[in-house]
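Structure, as structure tokens:
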Amino acid sequence: MFVFSVKPFFILLLVTLSLFFLLVLLSPPSLLSQNLISSGEVVDIWSVRRLVEWRPCNWWLQGHQTALPLETNGYIRVDCYGGLNQMRRDFCDGVGIARLLNATLVLPKFEVASYWNETSGFADVYDVDYFIEHMNGFVKVVKELPPEVASKEPVRVDCSKRKGQFDYVESVLPSLLEHKYISITPAMSQRRDRYPLYAKAALCQACFKALRLSRTLEMKASELLDAIPKPFLSLHLRFEPDMVAYSQCEYTGISPASMKAIEAAQMERKPWTGDLARVWRLRGKCPLTPNETALVLQSLSIPPTTNIYLAAGDGLMEIEGLTETYGNIFTKSSLLSREDFTNMHGNTKAALDYYVSINSDSYVATYFGNMDKMVAAMRAFKGLYKTLFLSRRGFAELTSKGLRGKELMTALWKVHRDDFAMGRGSALPECFCEFKL
């Protein structure tokens with residue numbers, strides 16, 4: 001008689017099924033998304049299963065800091081230049097440097113006249129008392145200098161080549177000890193990863209907990225947020241004449257008026273031509289046009305009926321390329337009273353865009369500038385992960401291969417699906433830690 005043992009067969013079946021279910025659970029978003037698409041179900045980008053999240057690091061949130069020394073080495077004022085979010089970044093870096101050098105921080109100086117043609121200062125945008133209160137224990141902050149120091153201007157110390165902890169200790173600290181009052185502007189390429197934890201904690205606390213809009217400005221921002229139909233997507237679209245001129249990119253198919261505005265902003269910075277222009281574009285250096293932006297949003301299955309708040313500066317060109325597809329567009333000028341809008345300066349408008357964007361249901365950026373980095377990081381801090389940076393490089397590479405229509409849309413979907421799943425570009429690594437989901 002033939003005897004068939006079911007035990008080995010059962011074990012083999014159990015192992016096979018276990019491996020199958022493990023494969024399904026661990027399969028990358030590409031497989032999951034392809035299965036959903038092939039089944040005919042409409043999937044937008046926010047439905048993609050994320051594999052990575054960036055969250056505030058525990059060492060910072062738990063507040064385990066080195067106690068502040070009793071004596072200060074002197075006073076530091078951070079001089080900030082550029083747009084609001086660039087100044088915010090520089091000031092946060094300055095807070096870390098002040099803690100690193102055991103200095104007392106003076107309220108920063110916002111040099112905005114050359115950028116915005118206005119005179120708004122730190123206290124016009126941010127709540128000073130709230131900042132000082134929430135920096136307690138992280139770094140010393142004063143509103144006013146003692147009389148023996150207040151009578152003189154700070155000694156300017158060049159920090160353009162200072163990046164890491166020892167750069168500042170060896171080169172800046174001696175000036176601080178000698179003059180007792182110095183001003184600095186941190187270099188753009190800081191090596192914050194080289195800071196000790198107590199200096200990084202001060203930087204993170206300043207950037208994500210202590211900087212709050214002034215009460216007047218926050219009230220206006222809250223009114224603007226309430227006026228936007230919900231749910232909504234905040235879109236940071238960059239296609240202003242100065243932005244395009246700075247990029248040195250060539251564009252075809254845009255209106256004569258836009259071309260004239262770009263040429264007027266170019267000055268001596270002429271666009272690349274020939275092979276150099278092609279290479280430059282393939283490196284992702286060229287801003288997406290509103291029309292290209294609409295195409296990418298469609299590829300991500302963002303419905304044409306989506307409410308979109310346009311977080312953009314004045315002078316945005318070719319906007320019809322977006323509004324022809326997405327009709328529910330809302331802006332500051334359309335939602336605020338004429339008086340409110342005309343009385344606002346550049347910093348104020350940028351602050352409103354920032355506030356709305358960190359509180360939006362989803363955020364999409366066509367660039368990767370200072371505002372985008374700050375917004376993405378703050379959204380991660382708040383646990384809002386519907387954040388995406390559109391890939392200029394991906395768009396350029398795919399269109400250079402001749403992809404069009406449905407083929408292009410599918411390829412664009414895959415590029416952005418993988419970026420979203422991996423959380424690329426979503427936060428500052430100095431303050432946030434990677435969590436595998």
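Residues are referred to by chain and number: the chain letter is A, B, ... according to the order shown in the structure tokens, the number counts from 1 in that chain, and ligands are numbered separately from 1 in the order shown.
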Name all residues at most 8 Å from Ile45 of chain A (count only C-alpha atoms; drop same-chain ones fewer than 6 positions away) and give them as a PDB file with N, CA and C atoms, in the first residue's frame.
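Here's the written file out12.pdb:
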```pdb
ATOM      1  N   LEU A 300      -0.222  62.726 -11.505  1.00  0.00           N
ATOM      2  CA  LEU A 300      -0.299  62.242 -10.128  1.00  0.00           C
ATOM      3  C   LEU A 300      -1.740  62.009  -9.689  1.00  0.00           C
ATOM      4  N   SER A 301      -2.671  62.105 -10.660  1.00  0.00           N
ATOM      5  CA  SER A 301      -4.103  61.910 -10.418  1.00  0.00           C
ATOM      6  C   SER A 301      -4.666  62.915  -9.419  1.00  0.00           C
ATOM      7  N   ILE A 302      -4.111  64.145  -9.421  1.00  0.00           N
ATOM      8  CA  ILE A 302      -4.700  65.230  -8.644  1.00  0.00           C
ATOM      9  C   ILE A 302      -5.897  65.742  -9.443  1.00  0.00           C
ATOM     10  N   TRP A 413       4.398  59.579 -13.120  1.00  0.00           N
ATOM     11  CA  TRP A 413       3.808  58.970 -11.928  1.00  0.00           C
ATOM     12  C   TRP A 413       4.840  58.128 -11.182  1.00  0.00           C
ATOM     13  N   HIS A 416       7.549  60.254  -9.275  1.00  0.00           N
ATOM     14  CA  HIS A 416       7.075  60.949  -8.077  1.00  0.00           C
ATOM     15  C   HIS A 416       6.541  59.986  -7.028  1.00  0.00           C
ATOM     16  N   ARG A 417       6.019  58.858  -7.460  1.00  0.00           N
ATOM     17  CA  ARG A 417       5.588  57.835  -6.508  1.00  0.00           C
ATOM     18  C   ARG A 417       6.750  57.377  -5.647  1.00  0.00           C
ATOM     19  N   PHE A 420       7.875  60.164  -3.198  1.00  0.00           N
ATOM     20  CA  PHE A 420       6.946  60.318  -2.076  1.00  0.00           C
ATOM     21  C   PHE A 420       7.073  59.158  -1.095  1.00  0.00           C
TER      22      PHE A 420
END
```
Residues within 7 Å of segment 395-410 of chain A, please, as a list in words. Count only C-alpha atoms; anything in the same chain fewer than 4 positions from it doesn't count. Arg281, Leu282, Gly284, Ser299, Ser391 and Lys414 of chain A
Dump C-alpha atoms for the selected residues as a PDB file, in the first residue's frame?
```
ATOM      1  CA  ARG A 281      17.963  71.384 -18.194  1.00  0.00           C
ATOM      2  CA  LEU A 282      18.730  67.669 -17.747  1.00  0.00           C
ATOM      3  CA  GLY A 284      17.001  69.825 -13.222  1.00  0.00           C
ATOM      4  CA  SER A 299      -0.032  62.510 -13.926  1.00  0.00           C
ATOM      5  CA  SER A 391      10.970  66.581 -10.088  1.00  0.00           C
ATOM      6  CA  LYS A 414       6.537  56.409 -11.253  1.00  0.00           C
TER       7      LYS A 414
END
```
Residues of segment 207-417 of chain A in strand (DSSP E), written as a list of chain:residue names: A:Phe232, A:Leu233, A:Ser234, A:Leu235, A:His236, A:Asn307, A:Ile308, A:Tyr309, A:Leu310, A:Ala311, A:Ile329, A:Phe330, A:Ser362, A:Tyr363, A:Val364, A:Ala365, A:Thr387, A:Leu388, A:Phe389
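Going from atom CA of Thr104 of chain A to atom CA of Pro186 of chain A covers 16.2 Å.
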Find the residues near Arg88 of chain A: any atom within 9 Å, counting only C-alpha atoms, skip ones fewer than 6 places away on the same chain, and give them as a list in words. Cys80, Cys207, Leu211, Asn370 and Met374 of chain A
So that I can see what lies close to segment 286-288 of chain A, please list as a PDB file with C-alpha atoms, in the first residue's frame the residues with an atom at most 7 Å from it, counting only C-alpha atoms and leaving out residues fewer than 6 positions away in the same chain.
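Listed below is the output, out.pdb:
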```pdb
ATOM      1  CA  ARG A 238       7.911  79.562  -9.106  1.00  0.00           C
ATOM      2  CA  PHE A 239       7.779  81.097 -12.566  1.00  0.00           C
ATOM      3  CA  VAL A 244      13.506  82.359 -14.776  1.00  0.00           C
ATOM      4  CA  SER A 247      17.980  80.015 -13.851  1.00  0.00           C
ATOM      5  CA  CYS A 249      17.151  78.496 -18.970  1.00  0.00           C
ATOM      6  CA  THR A 366       7.789  73.114  -8.099  1.00  0.00           C
ATOM      7  CA  TYR A 367      11.182  74.138  -6.744  1.00  0.00           C
ATOM      8  CA  ARG A 392      12.350  69.065 -12.617  1.00  0.00           C
TER       9      ARG A 392
END
```
Closest to Val169 of chain A among A:Asn73, A:Thr216, A:Gln205, A:Thr387, using only C-alpha atoms? A:Asn73
Residues flagged alpha helix (DSSP H) by DSSP in segment 66-244 of chain A, as number ranges by chain: A: 84-100, 113-116, 122-125, 128-134, 147-150, 165-171, 173-179, 197-205, 215-227, 241-244
Could you tell me which of A:Val157, A:Phe232, A:Thr305, A:Ala210 comes closest to Pro174 of chain A if we count only C-alpha atoms?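 Closest residue, counting only C-alpha atoms: A:Val157.
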Any idea what's packed within 12 Å of Ala377 of chain A, counting only C-alpha atoms, ignoring anything in its chain fewer than 5 positions away? Could you give it as number ranges by chain? A: 53-56, 89, 204, 207-209, 354, 357-358, 363, 370-372, 382-388, 423-433
